[in-house]
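Okay, so here's the structure we're looking at.
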Amino acid sequence: MDVDGYTMWITGGSLVLIAPQVSEPERRHALGSLGQAQRHADESMVSRFDQHRRWYRAYCNALGQHGWRVTHSCQQVETAGGRTLLSPTQPLLLWLASQHGELGEVLELCIDSLAQNPRVLAQLSCCALQVEHSTTRLMLELGVLGPGSQLSLCSIALETSAVLGSDWLKAPLAGATLRGDLYFQSLMAEPAPELLDAGRDGFVRVSGNYGPGRTLH
(Lines give C-alpha, C1' and ligand atoms only; values in the text may rest on other atoms or scores of the structure.)
Protein backbone atom coordinates (compact mmCIF):
# COMPACT_ATOMS: atom_id res chain seq x y z
CA MET A 1 0.00 0.00 0.00
CA ASP A 2 1.41 3.39 -1.04
CA VAL A 3 1.29 5.78 1.91
CA ASP A 4 3.52 8.50 0.47
CA GLY A 5 2.26 11.96 1.24
CA TYR A 6 0.32 11.15 4.41
CA THR A 7 1.50 12.99 7.51
CA MET A 8 0.57 12.78 11.17
CA TRP A 9 0.50 15.81 13.44
CA ILE A 10 0.06 16.42 17.16
CA THR A 11 -1.99 19.31 18.47
CA GLY A 12 -2.65 19.22 22.21
CA GLY A 13 -3.97 15.76 23.05
CA SER A 14 -4.93 14.96 19.46
CA LEU A 15 -3.19 12.94 16.75
CA VAL A 16 -4.39 13.85 13.26
CA LEU A 17 -3.54 12.09 10.00
CA ILE A 18 -3.48 14.57 7.10
CA ALA A 19 -4.22 13.40 3.55
CA PRO A 20 -1.82 14.58 0.80
CA GLN A 21 -4.68 16.41 -0.97
CA VAL A 22 -5.09 18.79 1.98
CA SER A 23 -3.52 22.20 1.36
CA GLU A 24 -1.29 23.92 3.89
CA PRO A 25 -3.92 26.59 4.75
CA GLU A 26 -6.50 23.83 5.29
CA ARG A 27 -4.09 21.90 7.51
CA ARG A 28 -3.16 24.96 9.54
CA HIS A 29 -6.79 25.91 10.03
CA ALA A 30 -7.81 22.41 11.17
CA LEU A 31 -4.91 21.86 13.56
CA GLY A 32 -5.13 25.39 14.91
CA SER A 33 -8.86 25.00 15.51
CA LEU A 34 -8.41 21.72 17.38
CA GLY A 35 -5.66 23.15 19.56
CA GLN A 36 -7.61 26.32 20.34
CA ALA A 37 -10.78 24.36 21.09
CA GLN A 38 -8.88 22.22 23.60
CA ARG A 39 -7.39 25.29 25.26
CA HIS A 40 -10.84 26.90 25.41
CA ALA A 41 -12.25 23.82 27.14
CA ASP A 42 -9.28 23.73 29.54
CA GLU A 43 -9.79 27.40 30.42
CA SER A 44 -13.47 26.84 31.19
CA MET A 45 -12.37 25.47 34.59
CA VAL A 46 -13.37 21.93 33.60
CA SER A 47 -10.72 19.19 33.71
CA ARG A 48 -10.51 16.93 30.67
CA PHE A 49 -9.58 14.13 33.07
CA ASP A 50 -11.79 14.61 36.14
CA GLN A 51 -14.92 15.92 34.40
CA HIS A 52 -14.48 14.47 30.97
CA ARG A 53 -18.06 14.65 29.70
CA ARG A 54 -18.38 18.34 30.56
CA TRP A 55 -14.95 19.04 29.09
CA TYR A 56 -15.82 17.25 25.85
CA ARG A 57 -19.06 19.22 25.53
CA ALA A 58 -17.11 22.47 25.92
CA TYR A 59 -14.56 21.23 23.36
CA CYS A 60 -17.24 20.47 20.75
CA ASN A 61 -18.89 23.84 21.32
CA ALA A 62 -15.53 25.55 20.86
CA LEU A 63 -14.97 23.75 17.55
CA GLY A 64 -18.16 25.35 16.29
CA GLN A 65 -16.91 28.75 17.41
CA HIS A 66 -13.73 28.17 15.41
CA GLY A 67 -15.48 27.59 12.12
CA TRP A 68 -16.50 23.91 12.11
CA ARG A 69 -19.93 22.38 11.61
CA VAL A 70 -20.36 19.02 13.36
CA THR A 71 -22.29 16.67 11.06
CA HIS A 72 -22.10 13.56 13.26
CA SER A 73 -21.58 13.09 16.98
CA CYS A 74 -21.79 9.99 19.15
CA GLN A 75 -20.83 9.21 22.74
CA GLN A 76 -20.66 5.82 24.43
CA VAL A 77 -20.02 5.00 28.08
CA GLU A 78 -19.34 1.52 29.37
CA THR A 79 -18.16 -0.01 32.62
CA ALA A 80 -14.42 -0.57 32.63
CA GLY A 81 -14.84 -3.87 34.44
CA GLY A 82 -16.37 -5.40 31.31
CA ARG A 83 -13.02 -5.43 29.51
CA THR A 84 -10.35 -8.12 29.70
CA LEU A 85 -7.65 -6.19 27.82
CA LEU A 86 -7.70 -2.75 26.24
CA SER A 87 -5.09 -0.96 24.17
CA PRO A 88 -5.81 2.80 24.26
CA THR A 89 -5.58 3.22 20.49
CA GLN A 90 -7.42 0.01 19.52
CA PRO A 91 -11.03 1.29 19.58
CA LEU A 92 -9.95 4.54 17.92
CA LEU A 93 -8.22 2.73 15.06
CA LEU A 94 -11.22 0.45 14.61
CA TRP A 95 -13.66 3.36 14.34
CA LEU A 96 -11.48 5.32 11.93
CA ALA A 97 -10.95 2.21 9.81
CA SER A 98 -14.74 1.84 9.60
CA GLN A 99 -14.93 5.38 8.18
CA HIS A 100 -11.71 5.31 6.12
CA GLY A 101 -11.08 1.68 5.26
CA GLU A 102 -8.21 2.51 2.93
CA LEU A 103 -6.25 4.19 5.75
CA GLY A 104 -6.16 1.41 8.33
CA GLU A 105 -2.56 0.43 7.56
CA VAL A 106 -1.44 4.05 7.28
CA LEU A 107 -2.81 4.84 10.72
CA GLU A 108 -1.11 1.79 12.22
CA LEU A 109 2.23 2.81 10.69
CA CYS A 110 1.89 6.34 12.05
CA ILE A 111 1.14 5.08 15.56
CA ASP A 112 4.18 2.78 15.33
CA SER A 113 6.33 5.74 14.26
CA LEU A 114 5.11 7.91 17.10
CA ALA A 115 5.66 5.15 19.66
CA GLN A 116 9.34 5.08 18.61
CA ASN A 117 9.83 8.85 18.92
CA PRO A 118 10.43 9.68 22.63
CA ARG A 119 10.52 13.46 22.13
CA VAL A 120 7.21 13.69 20.31
CA LEU A 121 5.61 11.06 22.54
CA ALA A 122 6.60 13.12 25.58
CA GLN A 123 4.82 16.15 24.11
CA LEU A 124 1.65 14.14 23.53
CA SER A 125 1.83 12.69 27.04
CA CYS A 126 1.75 16.20 28.56
CA CYS A 127 -1.81 16.67 27.29
CA ALA A 128 -3.05 13.08 27.09
CA LEU A 129 -1.96 11.73 30.49
CA GLN A 130 -2.44 12.81 34.09
CA VAL A 131 -0.64 10.87 36.82
CA GLU A 132 -1.67 11.27 40.45
CA HIS A 133 -0.31 8.91 43.09
CA SER A 134 -1.28 5.39 41.96
CA THR A 135 -3.75 6.50 39.30
CA THR A 136 -3.23 7.47 35.66
CA ARG A 137 -5.97 9.18 33.67
CA LEU A 138 -5.79 9.09 29.89
CA MET A 139 -7.66 11.17 27.33
CA LEU A 140 -6.55 10.65 23.72
CA GLU A 141 -8.04 11.76 20.40
CA LEU A 142 -7.19 10.32 16.98
CA GLY A 143 -8.44 11.75 13.71
CA VAL A 144 -8.21 12.04 9.94
CA LEU A 145 -8.36 15.24 7.88
CA GLY A 146 -9.32 14.29 4.34
CA PRO A 147 -9.86 16.10 1.04
CA GLY A 148 -12.18 19.07 1.31
CA SER A 149 -11.20 19.44 4.99
CA GLN A 150 -13.56 16.64 5.99
CA LEU A 151 -12.63 15.90 9.60
CA SER A 152 -13.19 12.60 11.43
CA LEU A 153 -12.30 12.44 15.13
CA CYS A 154 -12.66 9.83 17.84
CA SER A 155 -11.40 9.80 21.41
CA ILE A 156 -11.14 7.67 24.52
CA ALA A 157 -10.98 8.59 28.20
CA LEU A 158 -10.12 6.10 30.92
CA GLU A 159 -8.57 5.69 34.35
CA THR A 160 -6.13 2.95 35.33
CA SER A 161 -4.03 1.86 38.28
CA ALA A 162 -1.39 0.46 35.92
CA VAL A 163 1.98 2.17 35.61
CA LEU A 164 2.25 3.22 31.96
CA GLY A 165 5.54 2.81 30.17
CA SER A 166 6.91 4.39 27.01
CA ASP A 167 4.76 1.98 24.98
CA TRP A 168 1.48 3.25 26.48
CA LEU A 169 -0.06 4.06 23.10
CA LYS A 170 -0.21 0.41 22.05
CA ALA A 171 0.40 -1.68 25.18
CA PRO A 172 -2.77 -3.48 26.33
CA LEU A 173 -4.10 -2.61 29.77
CA ALA A 174 -5.44 -5.45 31.89
CA GLY A 175 -9.13 -5.03 32.63
CA ALA A 176 -8.47 -5.47 36.35
CA THR A 177 -6.45 -2.22 36.34
CA LEU A 178 -9.22 -0.13 34.76
CA ARG A 179 -11.40 1.96 37.06
CA GLY A 180 -14.77 3.62 36.70
CA ASP A 181 -16.18 4.13 33.22
CA LEU A 182 -14.70 4.12 29.73
CA TYR A 183 -15.73 7.01 27.49
CA PHE A 184 -15.71 6.79 23.70
CA GLN A 185 -16.61 9.73 21.48
CA SER A 186 -16.68 10.21 17.74
CA LEU A 187 -17.57 13.13 15.53
CA MET A 188 -17.37 14.23 11.93
CA ALA A 189 -17.12 17.87 10.95
CA GLU A 190 -16.71 20.11 7.94
CA PRO A 191 -15.63 23.73 7.57
CA ALA A 192 -18.38 26.27 8.14
CA PRO A 193 -18.72 28.96 5.45
CA GLU A 194 -17.16 31.57 7.71
CA LEU A 195 -13.71 30.06 8.29
CA LEU A 196 -11.87 31.73 11.13
CA ASP A 197 -8.20 32.54 11.59
CA ALA A 198 -6.49 29.50 13.15
CA GLY A 199 -3.91 31.66 14.92
CA ARG A 200 -0.49 30.38 15.88
CA ASP A 201 0.64 26.78 15.57
CA GLY A 202 0.64 24.47 18.56
CA PHE A 203 1.32 21.23 16.78
CA VAL A 204 4.20 18.94 15.85
CA ARG A 205 4.66 16.78 12.77
CA VAL A 206 5.51 13.09 13.18
CA SER A 207 7.61 11.52 10.45
CA GLY A 208 9.19 8.14 9.86
CA ASN A 209 10.68 5.97 7.14
CA TYR A 210 9.24 2.53 6.46
CA GLY A 211 11.31 1.50 3.46
CA PRO A 212 10.43 1.76 -0.25
CA GLY A 213 6.90 2.98 -0.82
CA ARG A 214 6.25 3.50 2.89
CA THR A 215 7.62 6.92 3.71
CA LEU A 216 5.49 9.26 5.79
CA HIS A 217 6.40 12.83 4.89
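Ligands are numbered from 1 in the order shown, residues from 1 within each chain, and chains are lettered A, B, ... in the order they appear in the C-alpha coordinates.
The protein and nucleic acid residues lying at most 10 Å from Pro91 in chain A are Leu86, Leu96, Ala97, Cys154, Ser155, Ile156 and Phe184 of chain A, with only C-alpha atoms considered and sequence neighbours fewer than 5 positions away removed.
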Review point. Could you pull the residues within 10 Å of Leu178 in chain A, counting only C-alpha atoms, minus those fewer than 3 positions along the same chain, as number ranges by chain?
Key: A: 79-86, 135-137, 158-162, 173-175, 181-182
Revision key, fill the gap. Students should find that CA of Pro191 in chain A and CA of Leu17 in chain A are spaced 17.0 Å
Check your understanding: What lies within 12 Å of range 130-134 of chain A using only C-alpha atoms, ignoring chain neighbours under 2 positions off, as a list in words?
Key ->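 Listed by chain and then number, they are Gly13, Ser47, Arg48, Phe49, Asp50, Leu124, Ser125, Cys126, Cys127, Ala128, Thr136, Arg137, Leu138, Met139, Leu140, Ala157, Leu158, Glu159, Thr160, Ser161, Ala162, Val163, Leu164, Thr177 and Arg179 of chain A.
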Filtering to N, CA and C atoms, could you give me those residues as a short mmCIF file (atom, residue, chain, number, x, y, z; two decimals), in the first residue's frame?
```cif
data_model
loop_
_atom_site.label_atom_id
_atom_site.label_comp_id
_atom_site.auth_asym_id
_atom_site.auth_seq_id
_atom_site.Cartn_x
_atom_site.Cartn_y
_atom_site.Cartn_z
N GLY A 13 -3.83 17.19 22.81
CA GLY A 13 -3.97 15.76 23.05
C GLY A 13 -4.53 15.01 21.87
N SER A 47 -11.85 20.06 34.00
CA SER A 47 -10.72 19.19 33.71
C SER A 47 -11.10 18.14 32.68
N ARG A 48 -10.26 17.97 31.67
CA ARG A 48 -10.51 16.93 30.67
C ARG A 48 -10.40 15.54 31.27
N PHE A 49 -9.76 15.43 32.43
CA PHE A 49 -9.58 14.13 33.07
C PHE A 49 -10.63 13.86 34.15
N ASP A 50 -10.88 14.82 35.02
CA ASP A 50 -11.79 14.61 36.14
C ASP A 50 -13.26 14.77 35.76
N LEU A 124 3.03 14.63 23.50
CA LEU A 124 1.65 14.14 23.53
C LEU A 124 1.24 13.77 24.95
N SER A 125 2.14 13.14 25.68
CA SER A 125 1.83 12.69 27.04
C SER A 125 1.46 13.86 27.95
N CYS A 126 2.04 15.03 27.71
CA CYS A 126 1.75 16.20 28.56
C CYS A 126 0.27 16.55 28.54
N CYS A 127 -0.39 16.34 27.40
CA CYS A 127 -1.81 16.67 27.29
C CYS A 127 -2.72 15.46 27.43
N ALA A 128 -2.20 14.27 27.13
CA ALA A 128 -3.05 13.08 27.09
C ALA A 128 -3.05 12.29 28.39
N THR A 136 -3.51 6.76 36.90
CA THR A 136 -3.23 7.47 35.66
C THR A 136 -4.53 7.65 34.89
N ARG A 137 -4.80 8.88 34.51
CA ARG A 137 -5.97 9.18 33.67
C ARG A 137 -5.47 9.49 32.26
N LEU A 138 -6.18 8.94 31.29
CA LEU A 138 -5.79 9.09 29.89
C LEU A 138 -6.95 9.65 29.09
N MET A 139 -6.67 10.64 28.26
CA MET A 139 -7.66 11.17 27.33
C MET A 139 -6.95 11.42 26.01
N LEU A 140 -7.26 10.62 24.99
CA LEU A 140 -6.55 10.65 23.72
C LEU A 140 -7.53 10.75 22.57
N ALA A 157 -11.39 8.10 26.88
CA ALA A 157 -10.98 8.59 28.20
C ALA A 157 -11.13 7.43 29.18
N LEU A 158 -10.09 7.20 29.97
CA LEU A 158 -10.12 6.10 30.92
C LEU A 158 -9.24 6.41 32.11
N GLU A 159 -9.38 5.57 33.14
CA GLU A 159 -8.57 5.69 34.35
C GLU A 159 -8.03 4.30 34.68
N THR A 160 -6.75 4.24 35.05
CA THR A 160 -6.13 2.95 35.33
C THR A 160 -5.16 3.05 36.51
N SER A 161 -5.01 1.93 37.20
CA SER A 161 -4.03 1.86 38.28
C SER A 161 -2.69 1.34 37.77
N ALA A 162 -2.63 0.98 36.49
CA ALA A 162 -1.39 0.46 35.92
C ALA A 162 -0.36 1.58 35.75
N VAL A 163 0.89 1.23 35.87
CA VAL A 163 1.98 2.17 35.61
C VAL A 163 2.28 2.11 34.11
N LEU A 164 2.08 3.22 33.41
CA LEU A 164 2.25 3.22 31.96
C LEU A 164 3.71 3.45 31.59
N THR A 177 -7.07 -3.50 35.95
CA THR A 177 -6.45 -2.22 36.34
C THR A 177 -7.31 -1.02 35.98
N ARG A 179 -10.49 1.50 36.01
CA ARG A 179 -11.40 1.96 37.06
C ARG A 179 -12.52 2.80 36.46
#
```
Exercise for review: Mind listing the alpha helix (DSSP H) residues of range 29-188 of chain A, per DSSP on the backbone, as an MDAnalysis selection string?
Suggested key: chainID A and resid 29:43 52:65 90:99 104:115 118:128
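With only C-alpha atoms as the atoms that count, the minimum distance from Glu24 in chain A to the choices A:Thr7, A:Leu63, A:Arg39, A:Cys74 is reached by A:Thr7.
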Exercise for review: May I ask which of the residues A:Leu187, A:Leu153, A:Leu94, A:Ala58 is the closest one to Ala41 in chain A, counting only C-alpha atoms?
Suggested key: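 Of the candidates, the smallest distance to Ala41 in chain A is held by A:Ala58.
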Review point. By how many Å are CA of Asp42 in chain A and CA of Arg54 in chain A apart?
Key: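 The value is 10.6 Å.
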**Study point:** Proximity to Trp95 in chain A - best of A:Leu142, A:Glu190, A:Ala37, A:Pro172, only C-alpha atoms
**Key:**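 For Trp95 in chain A, the nearest of the given residues is A:Leu142.
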**Study point:** Selection: 7 Å around range 111-119 of chain A, only C-alpha atoms, excl. self and same-chain fewer than 2 positions, as a count of residues only
**Key:** 10
**Study point:** For Gly148 in chain A: contacts at 12 Å, only C-alpha atoms, fewer than 2 positions along chain excluded, given as a ChimeraX atom specification
**Key:** /A:18-23,25-27,30,144-146,150-151,189-192
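Closest approach to Gly143 in chain A among A:Ser44, A:Gln51, A:Thr71, A:Ser186 is made by A:Ser186 (distances from only C-alpha atoms).
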